[in-house]
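Asks: Coordinates in final-v1.txt, compact mmCIF, C-alpha atoms and all ligand atoms, are listed below.
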```txt
# COMPACT_ATOMS: atom_id res chain seq x y z
CA MET A 1 0.00 0.00 0.00
CA LYS A 2 1.37 3.38 -0.96
CA ILE A 3 0.54 6.17 1.45
CA LYS A 4 0.73 9.67 0.04
CA VAL A 5 1.85 12.23 2.54
CA ILE A 6 3.03 15.78 2.18
CA LYS A 7 4.94 16.65 5.27
CA HIS A 8 7.86 18.92 6.03
CA ILE A 9 10.50 16.70 7.53
CA LEU A 10 11.79 19.53 9.66
CA ALA A 11 8.29 20.69 10.57
CA ALA A 12 8.79 19.80 14.23
CA ASN A 13 11.87 22.02 14.44
CA ASP A 14 10.24 24.85 12.48
CA GLU A 15 7.16 24.85 14.68
CA ILE A 16 9.20 25.15 17.86
CA ALA A 17 11.31 27.86 16.21
CA SER A 18 8.11 29.85 15.57
CA LEU A 19 7.15 29.50 19.24
CA ASN A 20 10.59 30.76 20.26
CA ARG A 21 10.26 33.71 17.91
CA LYS A 22 6.88 34.57 19.39
CA LYS A 23 8.17 34.29 22.95
CA LEU A 24 11.07 36.62 22.16
CA ALA A 25 8.81 39.10 20.36
CA ASP A 26 6.32 39.16 23.23
CA ALA A 27 9.14 40.23 25.54
CA ASP A 28 10.47 42.71 22.93
CA VAL A 29 13.75 40.80 22.58
CA LEU A 30 15.83 40.62 19.40
CA GLY A 31 17.08 37.06 18.68
CA LEU A 32 20.45 36.73 16.95
CA ASN A 33 21.95 33.53 15.58
CA LEU A 34 25.76 33.78 15.39
CA ILE A 35 27.24 31.42 12.84
CA SER A 36 30.86 30.84 11.84
CA SER A 37 33.66 28.30 11.67
CA PRO A 38 35.23 27.36 15.00
CA GLY A 39 37.57 30.08 16.23
CA SER A 40 36.33 32.95 14.06
CA GLY A 41 35.76 35.11 17.13
CA LYS A 42 32.12 34.63 18.17
CA THR A 43 32.72 34.47 21.92
CA THR A 44 35.26 37.30 21.78
CA LEU A 45 32.72 39.40 19.89
CA LEU A 46 30.15 38.79 22.64
CA GLU A 47 32.68 39.69 25.35
CA LYS A 48 33.21 43.08 23.68
CA THR A 49 29.66 43.71 22.54
CA ILE A 50 27.59 42.98 25.64
CA PRO A 51 29.23 45.64 27.88
CA ALA A 52 29.16 48.16 25.01
CA LEU A 53 25.39 47.77 24.57
CA LEU A 54 24.62 48.69 28.18
CA PRO A 55 22.22 49.94 29.47
CA GLU A 56 20.52 47.58 26.99
CA ARG A 57 21.01 44.07 28.32
CA SER A 58 21.92 40.77 26.75
CA SER A 59 21.53 37.09 27.44
CA VAL A 60 23.57 34.37 25.79
CA ILE A 61 22.98 30.78 24.76
CA VAL A 62 26.09 28.96 23.57
CA GLY A 63 26.05 25.69 21.70
CA ASP A 64 29.26 23.72 21.82
CA LEU A 65 30.17 20.09 21.28
CA GLN A 66 31.89 19.94 24.69
CA THR A 67 32.79 22.18 27.64
CA GLY A 68 31.07 25.16 29.25
CA ARG A 69 33.96 27.54 28.71
CA ASP A 70 32.31 30.00 26.34
CA ALA A 71 29.29 30.50 28.61
CA GLU A 72 31.66 31.09 31.54
CA ARG A 73 33.54 33.72 29.53
CA VAL A 74 30.40 35.84 29.15
CA ALA A 75 28.63 34.87 32.41
CA LYS A 76 29.60 37.97 34.38
CA MET A 77 28.37 40.47 31.81
CA ALA A 78 25.16 38.79 30.65
CA VAL A 79 21.76 38.70 32.34
CA GLU A 80 21.92 34.95 31.84
CA SER A 81 24.37 32.72 30.03
CA ILE A 82 23.52 29.15 29.24
CA GLN A 83 25.70 26.48 27.70
CA ILE A 84 24.18 23.69 25.65
CA ASN A 85 26.45 20.75 24.97
CA THR A 86 25.39 19.33 21.65
CA GLY A 87 27.58 16.23 21.87
CA LEU A 88 28.01 15.00 18.32
CA SER A 89 25.44 17.27 16.70
CA CYS A 90 26.97 19.95 14.50
CA HIS A 91 24.25 22.56 15.09
CA LEU A 92 21.65 23.72 17.60
CA TYR A 93 17.99 22.70 17.38
CA ALA A 94 15.00 24.90 18.16
CA ASN A 95 13.95 22.67 21.07
CA GLN A 96 17.29 23.24 22.79
CA ILE A 97 16.68 26.99 22.56
CA GLN A 98 13.13 26.50 23.80
CA SER A 99 14.25 24.85 27.01
CA ALA A 100 17.10 27.34 27.51
CA LEU A 101 14.62 30.23 27.14
CA ASP A 102 12.70 28.84 30.12
CA ASP A 103 15.71 29.70 32.27
CA ILE A 104 16.22 33.21 30.93
CA ASP A 105 14.62 36.32 32.35
CA LEU A 106 13.43 37.79 29.06
CA ALA A 107 11.84 40.80 30.76
CA GLN A 108 15.39 41.86 31.72
CA THR A 109 16.81 41.03 28.29
CA ASP A 110 16.96 43.14 25.11
CA TYR A 111 19.30 41.04 22.98
CA MET A 112 19.24 37.23 22.95
CA PHE A 113 22.56 36.16 21.42
CA ILE A 114 22.76 32.52 20.35
CA GLU A 115 26.30 31.36 19.60
CA ASN A 116 25.81 28.36 17.34
CA VAL A 117 28.19 25.40 17.07
CA GLY A 118 31.26 26.28 14.98
CA ASN A 119 30.28 25.11 11.49
CA MET A 120 29.56 26.91 8.21
CA VAL A 121 27.00 24.48 6.79
CA CYS A 122 24.50 22.87 9.13
CA PRO A 123 23.56 25.75 11.48
CA GLY A 124 22.20 27.71 8.54
CA GLU A 125 19.54 25.07 7.90
CA PHE A 126 17.90 24.95 11.30
CA ASP A 127 15.69 27.84 12.27
CA LEU A 128 16.03 28.55 15.98
CA GLY A 129 13.49 31.34 16.15
CA GLU A 130 16.02 34.12 15.67
CA ASN A 131 15.31 37.39 13.87
CA VAL A 132 18.72 37.88 12.28
CA LYS A 133 21.60 35.70 11.21
CA VAL A 134 25.04 37.12 11.94
CA ILE A 135 27.85 35.47 9.98
CA LEU A 136 31.42 35.86 11.19
CA TYR A 137 34.19 35.19 8.73
CA SER A 138 37.75 35.63 9.93
CA LEU A 139 40.59 36.70 7.68
CA PRO A 140 42.88 33.73 8.48
CA GLU A 141 40.27 31.39 6.95
CA GLY A 142 41.24 32.68 3.50
CA ASP A 143 39.43 34.72 0.87
CA ASP A 144 37.70 31.80 -0.90
CA LYS A 145 35.14 30.95 1.77
CA VAL A 146 32.20 32.89 0.33
CA ALA A 147 32.50 30.85 -2.84
CA LYS A 148 32.90 27.63 -0.86
CA TYR A 149 29.95 28.15 1.51
CA PRO A 150 27.46 30.07 -0.65
CA THR A 151 24.31 29.04 1.20
CA ILE A 152 25.29 30.45 4.57
CA PHE A 153 26.41 33.73 3.01
CA SER A 154 23.20 33.98 0.99
CA VAL A 155 21.06 33.96 4.16
CA ALA A 156 23.25 36.34 6.19
CA ASP A 157 21.74 39.55 7.50
CA ILE A 158 25.18 40.93 8.31
CA ILE A 159 28.69 39.66 7.64
CA LEU A 160 31.46 40.54 10.06
CA LEU A 161 34.87 40.10 8.51
CA THR A 162 36.69 39.47 11.77
CA LYS A 163 40.38 39.70 12.77
CA CYS A 164 40.99 42.51 10.29
CA ASP A 165 43.92 43.55 12.49
CA LEU A 166 45.75 40.65 10.81
CA LYS A 167 45.42 42.19 7.33
CA PRO A 168 49.10 43.24 7.14
CA VAL A 169 50.35 39.68 7.65
CA LEU A 170 47.88 37.90 5.36
CA ASP A 171 47.39 37.87 1.60
CA PHE A 172 43.65 38.29 1.73
CA SER A 173 41.82 39.75 -1.25
CA MET A 174 38.93 41.90 -0.05
CA GLN A 175 38.08 42.41 -3.71
CA ARG A 176 37.54 38.69 -4.19
CA VAL A 177 35.15 38.50 -1.24
CA LYS A 178 33.18 41.48 -2.50
CA GLU A 179 32.93 40.01 -5.99
CA ASP A 180 31.70 36.67 -4.65
CA LEU A 181 29.15 38.39 -2.44
CA ALA A 182 27.88 40.59 -5.26
CA LYS A 183 25.96 37.65 -6.74
CA LEU A 184 25.02 35.98 -3.46
CA ASN A 185 23.87 38.68 -1.11
CA THR A 186 23.81 42.43 -1.61
CA ARG A 187 21.48 42.97 1.35
CA ALA A 188 23.81 42.12 4.24
CA PRO A 189 26.29 44.81 5.19
CA LEU A 190 29.90 43.58 5.07
CA ILE A 191 31.80 45.06 7.99
CA GLU A 192 35.56 44.97 8.24
CA PHE A 193 35.94 44.23 11.90
CA SER A 194 38.41 43.57 14.68
CA SER A 195 37.64 42.78 18.30
CA LYS A 196 41.24 43.74 19.02
CA THR A 197 41.48 47.21 17.47
CA LYS A 198 37.72 47.89 17.57
CA GLU A 199 37.71 48.56 13.82
CA GLY A 200 34.10 48.45 12.60
CA PHE A 201 32.82 48.24 16.15
CA ASP A 202 30.64 51.36 16.09
CA GLU A 203 29.09 50.31 12.80
CA TRP A 204 28.25 46.91 14.34
CA LEU A 205 26.66 48.50 17.42
CA ASP A 206 24.63 50.89 15.26
CA TRP A 207 23.42 47.97 13.19
CA LEU A 208 22.41 46.02 16.32
CA ARG A 209 20.42 48.94 17.70
CA LYS A 210 18.70 49.46 14.38
CA GLU A 211 17.74 45.78 14.15
CA LYS A 212 16.46 45.92 17.72
CA ARG A 213 14.22 48.85 16.78
CA GLU A 214 13.00 47.39 13.49
CA HIS A 215 13.20 43.62 13.41
CA VAL A 216 11.96 42.10 16.66
CA GLY A 217 9.59 39.27 15.66
CA ARG A 218 10.86 39.08 12.09
CA GLN A 219 11.32 35.73 10.38
CA VAL A 220 14.60 35.27 8.54
CA GLY A 221 16.10 33.30 5.74
CA PHE A 222 13.64 31.19 3.87
CA VAL A 223 10.11 32.43 3.53
CA LYS A 224 7.08 30.30 2.80
CA GLU A 225 4.38 31.76 0.65
CA MET B 1 26.53 15.65 9.09
CA HIS B 2 23.12 17.32 9.15
CA GLU B 3 21.90 14.45 6.96
CA PHE B 4 21.77 12.45 10.20
CA SER B 5 19.48 14.88 11.98
CA ILE B 6 17.26 14.96 8.91
CA VAL B 7 16.95 11.19 8.64
CA SER B 8 16.16 10.84 12.33
CA SER B 9 13.25 13.30 12.01
CA LEU B 10 12.22 11.46 8.87
CA LEU B 11 12.27 8.06 10.54
CA GLU B 12 10.18 9.35 13.43
CA GLN B 13 7.51 10.56 10.99
CA VAL B 14 7.64 7.43 8.86
CA LEU B 15 7.19 5.13 11.86
CA GLU B 16 4.32 7.21 13.17
CA ILE B 17 2.49 7.14 9.85
CA ALA B 18 3.22 3.43 9.38
CA LYS B 19 1.85 2.68 12.83
CA SER B 20 -1.35 4.64 12.32
CA ASN B 21 -1.89 2.64 9.11
CA ASN B 22 -1.23 -0.67 10.90
CA ALA B 23 1.78 -1.36 8.73
CA LEU B 24 3.91 -4.42 9.36
CA LYS B 25 6.76 -3.33 7.21
CA VAL B 26 7.94 -0.26 5.29
CA ASN B 27 9.28 -0.96 1.81
CA GLU B 28 10.00 2.43 0.34
CA VAL B 29 10.10 6.05 1.43
CA GLU B 30 10.03 8.89 -1.07
CA ILE B 31 11.32 12.34 -0.21
CA GLU B 32 11.88 15.57 -2.08
CA ALA B 33 14.78 17.84 -1.15
CA GLY B 34 15.21 21.40 -2.37
CA VAL B 35 18.52 21.97 -4.09
CA ILE B 36 19.30 24.78 -1.61
CA ARG B 37 19.50 22.22 1.17
CA GLN B 38 22.60 20.76 -0.46
CA ILE B 39 21.69 17.25 0.54
CA VAL B 40 24.18 14.65 -0.58
CA PRO B 41 21.97 11.68 -1.57
CA GLU B 42 24.70 9.10 -0.90
CA ILE B 43 25.25 10.36 2.64
CA MET B 44 21.53 10.55 3.18
CA THR B 45 20.90 6.96 2.09
CA THR B 46 23.84 5.70 4.16
CA ALA B 47 22.48 7.55 7.18
CA TRP B 48 19.04 6.11 6.49
CA GLU B 49 20.35 2.54 6.22
CA SER B 50 22.14 2.90 9.52
CA ILE B 51 19.19 4.20 11.56
CA ILE B 52 16.41 1.93 10.24
CA VAL B 53 18.02 -1.19 11.69
CA ASP B 54 15.69 -2.98 14.13
CA THR B 55 12.65 -0.95 13.10
CA ILE B 56 9.82 -1.98 10.78
CA ALA B 57 11.50 0.23 8.16
CA ASP B 58 14.58 -2.01 8.19
CA GLY B 59 15.57 -2.80 4.60
CA SER B 60 13.46 -0.01 3.11
CA VAL B 61 14.66 2.04 0.17
CA LEU B 62 14.94 5.82 0.48
CA LYS B 63 14.19 7.57 -2.83
CA ILE B 64 15.42 11.15 -2.99
CA THR B 65 14.39 13.64 -5.67
CA VAL B 66 16.19 16.97 -5.74
CA VAL B 67 13.94 19.84 -6.79
CA PRO B 68 14.98 23.30 -8.04
CA ALA B 69 14.62 26.47 -6.01
CA ILE B 70 12.60 29.57 -6.73
CA ALA B 71 13.82 32.94 -5.51
CA LYS B 72 11.80 36.14 -5.33
CA CYS B 73 13.62 39.45 -5.48
CA ARG B 74 12.80 41.60 -2.45
CA ILE B 75 13.37 44.71 -4.49
CA CYS B 76 11.46 44.17 -7.74
CA GLU B 77 9.56 40.93 -6.92
CA ASN B 78 10.98 39.20 -9.98
CA GLN B 79 10.83 35.42 -9.55
CA PHE B 80 13.62 33.26 -10.91
CA GLU B 81 15.50 30.00 -10.45
CA PRO B 82 18.75 30.75 -8.64
CA GLU B 83 21.94 28.73 -8.82
CA ILE B 84 23.35 27.53 -5.54
CA ASP B 85 26.10 30.15 -5.92
CA ASN B 86 24.17 32.85 -7.74
CA TYR B 87 21.12 34.69 -6.43
CA LEU B 88 21.48 37.72 -8.67
CA CYS B 89 18.23 39.18 -9.99
CA GLN B 90 18.69 39.81 -13.69
CA LYS B 91 16.21 42.68 -13.60
CA CYS B 92 17.75 44.86 -10.92
CA LEU B 93 21.16 43.22 -10.58
CA LYS B 94 20.86 42.91 -6.82
CA ALA B 95 21.12 39.71 -4.78
CA ASP B 96 18.45 40.28 -2.16
CA VAL B 97 15.97 37.44 -2.32
CA ASP B 98 13.62 35.30 -0.35
CA ILE B 99 13.64 31.65 -1.28
CA ILE B 100 9.97 30.88 -1.78
CA SER B 101 10.32 27.24 -2.76
CA GLY B 102 12.92 24.57 -3.19
CA ASN B 103 14.17 24.97 0.31
CA ASP B 104 12.07 22.30 1.89
CA ILE B 105 12.68 18.70 2.63
CA MET B 106 9.38 16.91 2.20
CA LEU B 107 8.19 13.44 2.89
CA LYS B 108 6.08 12.52 -0.16
CA SER B 109 5.04 8.91 0.23
CA ILE B 110 5.54 5.71 2.13
CA ASP B 111 5.09 2.30 0.61
CA CYS B 112 4.32 -0.26 3.24
CA GLN B 113 2.84 -3.68 3.81
CA THR B 114 -0.24 -3.86 6.02
CA LEU B 115 -1.76 -6.76 7.90
CA ASN B 116 -4.68 -6.97 5.42
CA GLU B 117 -2.31 -7.10 2.49
CA GLN B 118 -0.35 -9.87 4.09
CA GLU B 119 -3.48 -11.93 4.77
CA GLU B 120 -4.57 -11.50 1.14
CA GLN B 121 -1.14 -12.66 0.02
CA ASP B 122 -1.28 -15.67 2.33
CA GLU B 123 -4.64 -16.65 0.81
CA ASP B 124 -3.16 -16.57 -2.72
N1 LIG A 301 43.90 38.91 16.17
C1 LIG A 301 42.64 38.72 16.55
N2 LIG A 301 42.31 37.60 17.21
C2 LIG A 301 41.02 37.43 17.59
C3 LIG A 301 40.00 38.38 17.28
N3 LIG A 301 38.85 37.93 17.74
C4 LIG A 301 39.10 36.73 18.32
N4 LIG A 301 40.41 36.43 18.24
C5 LIG A 301 41.09 35.23 18.76
O1 LIG A 301 40.63 34.07 18.06
C6 LIG A 301 40.56 32.95 18.93
C7 LIG A 301 39.17 32.31 18.88
O2 LIG A 301 38.21 33.25 19.34
P1 LIG A 301 36.80 32.83 19.94
O3 LIG A 301 36.09 34.10 20.27
O4 LIG A 301 36.97 31.83 21.03
O5 LIG A 301 36.14 32.13 18.67
P2 LIG A 301 34.77 31.26 18.55
O6 LIG A 301 35.19 29.84 18.49
O7 LIG A 301 34.15 31.70 17.25
O8 LIG A 301 33.92 31.58 19.73
C8 LIG A 301 40.91 33.46 20.32
O9 LIG A 301 42.26 33.15 20.57
C9 LIG A 301 40.72 34.95 20.20
O10 LIG A 301 41.54 35.67 21.07
C10 LIG A 301 40.41 39.57 16.56
O11 LIG A 301 39.62 40.46 16.24
N5 LIG A 301 41.72 39.67 16.22
MG MG A 302 33.01 30.32 21.12
ZN ZN A 303 15.05 42.39 -8.75
```
Since I need it in another form, could you write the structure as C-alpha cells?

Replies:
Amino acid sequence: MKIKVIKHILAANDEIASLNRKKLADADVLGLNLISSPGSGKTTLLEKTIPALLPERSSVIVGDLQTGRDAERVAKMAVESIQINTGLSCHLYANQIQSALDDIDLAQTDYMFIENVGNMVCPGEFDLGENVKVILYSLPEGDDKVAKYPTIFSVADIILLTKCDLKPVLDFSMQRVKEDLAKLNTRAPLIEFSSKTKEGFDEWLDWLRKEKREHVGRQVGFVKE
Amino acid sequence: MHEFSIVSSLLEQVLEIAKSNNALKVNEVEIEAGVIRQIVPEIMTTAWESIIVDTIADGSVLKITVVPAIAKCRICENQFEPEIDNYLCQKCLKADVDIISGNDIMLKSIDCQTLNEQEEQDED
C-alpha cells in the first residue's frame, strides 16, 4: 500500500522555532543567531559587545560540542548565560533553545545572542526562532570561503569580517570576497571588523540597535508563501 | 553531518504514519529535497540505512528527488530560479531574495505492507 503524505520533515523544528520567535517578540527581545567556523571570534565578539550595549542588556545561549567555557567567559556580563552541549550534533535545534529560554529572564533582556556550534554548513539550515543571522568570517580562513559556503552567506543579514587587524600579515583579497558576495547577497552589510582594534565596532553597534528597533519578531532566511 | 538529523526526524515521521496505518513493514520512502539544502543523496541513504536497523523500516529504500529552487527578489519581486552560488536578480542586478520554494525537505510517500495485504497474500 502506498501512502501519500506531504509533510515537512523539519516541521517539528520549524514549529518550535516559531514558538521561540513569538516568545522573544512578546518580551520585545531581538534574537540573533551567530554562525561561523570554530575560532572565528564569536565568543570574543560577545565579550566586547555585551558591555558596550549597556544599558541595553543581553543574554547568551552557547552551543558547543563539549565544555562550558564560552558560557563562563560571558557569564559575568550577561543577564543569563547558558551552555548547551550538543555532543556530536553539529548545530543547535530549536527545542534546545526552547528549554534554555525557560531559564532566561526575558523581561530583563533586550538582545538574545545565540552562539551556534562552529560550522559553516549545518547551522544555517535549522531555524532557531532568531530574527537575524550574523555570519562571522575571519581573515585567516582565507578569501575563498564565500564561494565555498554560498548558502550560509546567501542567508546572512550581516557579515562581520573578523580579525581585520591581521590584514598586514595575510594575503587576503577583499576584492575577491566582495565580488563573490555581489551575486550571493547584496542585502547584508559587510563590515571589516576587529575585536582587538575595535575597527568596525561602532558600525556593528549601530546595526544592532537598528535591528532591535526594526526587526523584533521578524522571520529570517527562507520564507514560505 | 546534518543528513543524520534529517533522517532521524524522517524516521520518526515514517514510523508514526506506518503505525497509524497498521503497517507491518515499510518498503520504500520517497522524499523531495530542495537543491538549496545541499543534501548529498549518498550520505543521506547511508544515514538512512544505519538508523532503520531494528525498526519496521529495516531494509526499506529511500528515494530522494532533488527539486529546483525559486527565488523572489525583495526589491522588484521578480521570480527566478537561482543557482546555488548565484542569487542575482537579472532585472535589478541585486542579490536580495527570499527563497519561496525549493528549500524544503518533504516526505512525499511511504510504501508499506499492512496486515490486510499480508493476509490477502497468504490466501493466494
Ligand atoms: N587577532 C585577533 N584575534 C582574535 C580576534 N577575535 C578573536 N580572536 C582570537 O581568536 C581565537 C578564537 O576566538 P573565539 O572568540 O573563542 O572564537 P569562537 O570559536 O568563534 O567563539 C581566540 O584566541 C581569540 O583571542 C580579533 O579580532 N583579532
Ligand atoms: Mg566560542
Ligand atoms: Zn530584482

Asks: For chain B, report every residue with an atom at most 8 Å from chain A (counting all atoms listed in the file), formatted as a CSV table (one decimal) with C-alpha atoms, in the frame of the given file.

Replies:
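So the final result, stored in iface33.csv, reads:
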```csv
chain,number,residue,atom,x,y,z
B,1,MET,CA,26.5,15.6,9.1
B,2,HIS,CA,23.1,17.3,9.2
B,5,SER,CA,19.5,14.9,12.0
B,6,ILE,CA,17.3,15.0,8.9
B,9,SER,CA,13.2,13.3,12.0
B,10,LEU,CA,12.2,11.5,8.9
B,13,GLN,CA,7.5,10.6,11.0
B,36,ILE,CA,19.3,24.8,-1.6
B,37,ARG,CA,19.5,22.2,1.2
B,84,ILE,CA,23.4,27.5,-5.5
B,85,ASP,CA,26.1,30.2,-5.9
B,86,ASN,CA,24.2,32.8,-7.7
B,87,TYR,CA,21.1,34.7,-6.4
B,88,LEU,CA,21.5,37.7,-8.7
B,94,LYS,CA,20.9,42.9,-6.8
B,95,ALA,CA,21.1,39.7,-4.8
B,96,ASP,CA,18.4,40.3,-2.2
B,98,ASP,CA,13.6,35.3,-0.4
B,99,ILE,CA,13.6,31.6,-1.3
B,100,ILE,CA,10.0,30.9,-1.8
B,101,SER,CA,10.3,27.2,-2.8
B,103,ASN,CA,14.2,25.0,0.3
B,104,ASP,CA,12.1,22.3,1.9
B,105,ILE,CA,12.7,18.7,2.6
B,106,MET,CA,9.4,16.9,2.2
B,107,LEU,CA,8.2,13.4,2.9
B,108,LYS,CA,6.1,12.5,-0.2
B,109,SER,CA,5.0,8.9,0.2
B,110,ILE,CA,5.5,5.7,2.1
B,111,ASP,CA,5.1,2.3,0.6
B,112,CYS,CA,4.3,-0.3,3.2
B,113,GLN,CA,2.8,-3.7,3.8
B,114,THR,CA,-0.2,-3.9,6.0
B,117,GLU,CA,-2.3,-7.1,2.5
```

Asks: Once you count all atoms listed in the file, which residues end up within 6 Å of ligand ZN 303 (chain A), and could you hand them over as a compact mmCIF listing (two decimals) with C-alpha atoms, keeping the file's coordinate frame?

Replies:
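Everything below was put into out02.txt:
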```txt
# COMPACT_ATOMS: atom_id res chain seq x y z
CA CYS B 73 13.62 39.45 -5.48
CA ILE B 75 13.37 44.71 -4.49
CA CYS B 76 11.46 44.17 -7.74
CA GLU B 77 9.56 40.93 -6.92
CA ASN B 78 10.98 39.20 -9.98
CA CYS B 89 18.23 39.18 -9.99
CA LYS B 91 16.21 42.68 -13.60
CA CYS B 92 17.75 44.86 -10.92
```

Asks: Find the distance between atom CA of A:Thr162 and atom CA of A:Ser138 and write it in Å to one decimal.

Replies: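 It comes out at 4.4 Å.
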
Asks: Go through A:Val169, A:Gly142, A:Lys23, A:Ala78 one by one, measure the shortest atom-to-atom distance of each to ligand LIG 301 (chain A) using all atoms listed in the file, and give the residue with the smallest value.

Replies: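 Looking at the shortest contact to ligand LIG 301 (chain A), the residue is A:Val169.
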
Asks: With distances taken over only C-alpha atoms, which residue among B:Asn27, B:Gln38, B:Ser20, B:Asn116 lies nearest B:Val67?

Replies: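 Using only C-alpha atoms, B:Val67 sits closest to B:Gln38.
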
Asks: Which residues sit within 9 Å of ligand MG 302 (chain A), counting all atoms listed in the file, listed as a list of chain:residue names?

Replies: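 Those within range of ligand MG 302 (chain A) are A:Pro38, A:Gly39, A:Ser40, A:Gly41, A:Lys42, A:Thr43, A:Thr44, A:Val62, A:Gly63, A:Asp64, A:Arg69, A:Asp70, A:Ala71, A:Glu115, A:Asn116, A:Val117, A:Gly118.
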
Asks: Find the residue from A:Leu136, A:Ile114, A:Leu65, A:Leu101 that sits nearest to A:Gly87; use only C-alpha atoms when measuring.

Replies: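 Counting only C-alpha atoms, the residue closest to A:Gly87 is A:Leu65.
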
Asks: Do a neighbour search on A:Ile159 at 7 Å with only C-alpha atoms, toss out local chain neighbours closer than 2 positions, and write the hits as a ChimeraX atom specification.

Replies: /A:134-136,156-157,161,188-191

Asks: Looking at only C-alpha atoms, which of A:Ser37, A:Val132, A:Ile84, A:Glu203 is the one that sits closest to A:Tyr111?

Replies: A:Val132

Asks: Just how far from atom CA of B:Asn21 is atom CA of B:Glu123, in Å to one decimal?

Replies: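 We find that atom CA of B:Glu123 and atom CA of B:Asn21 lie 21.2 Å from each other.
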
Asks: Taking (17.6, 48.2, 17.3) in the coordinates of the supplied file, I want to know which residues reach to within 12 Å of it, counting all atoms listed in the file; could you give the answer as a ChimeraX atom specification?

Replies: /A:28-32,53,56,110-111,131-132,204-216

Asks: What is the distance between atom CA of A:Ala94 and atom CA of A:Arg21, in Å to one decimal?

Replies: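 Straight-line distance from atom CA of A:Ala94 to atom CA of A:Arg21 works out to 10.0 Å.
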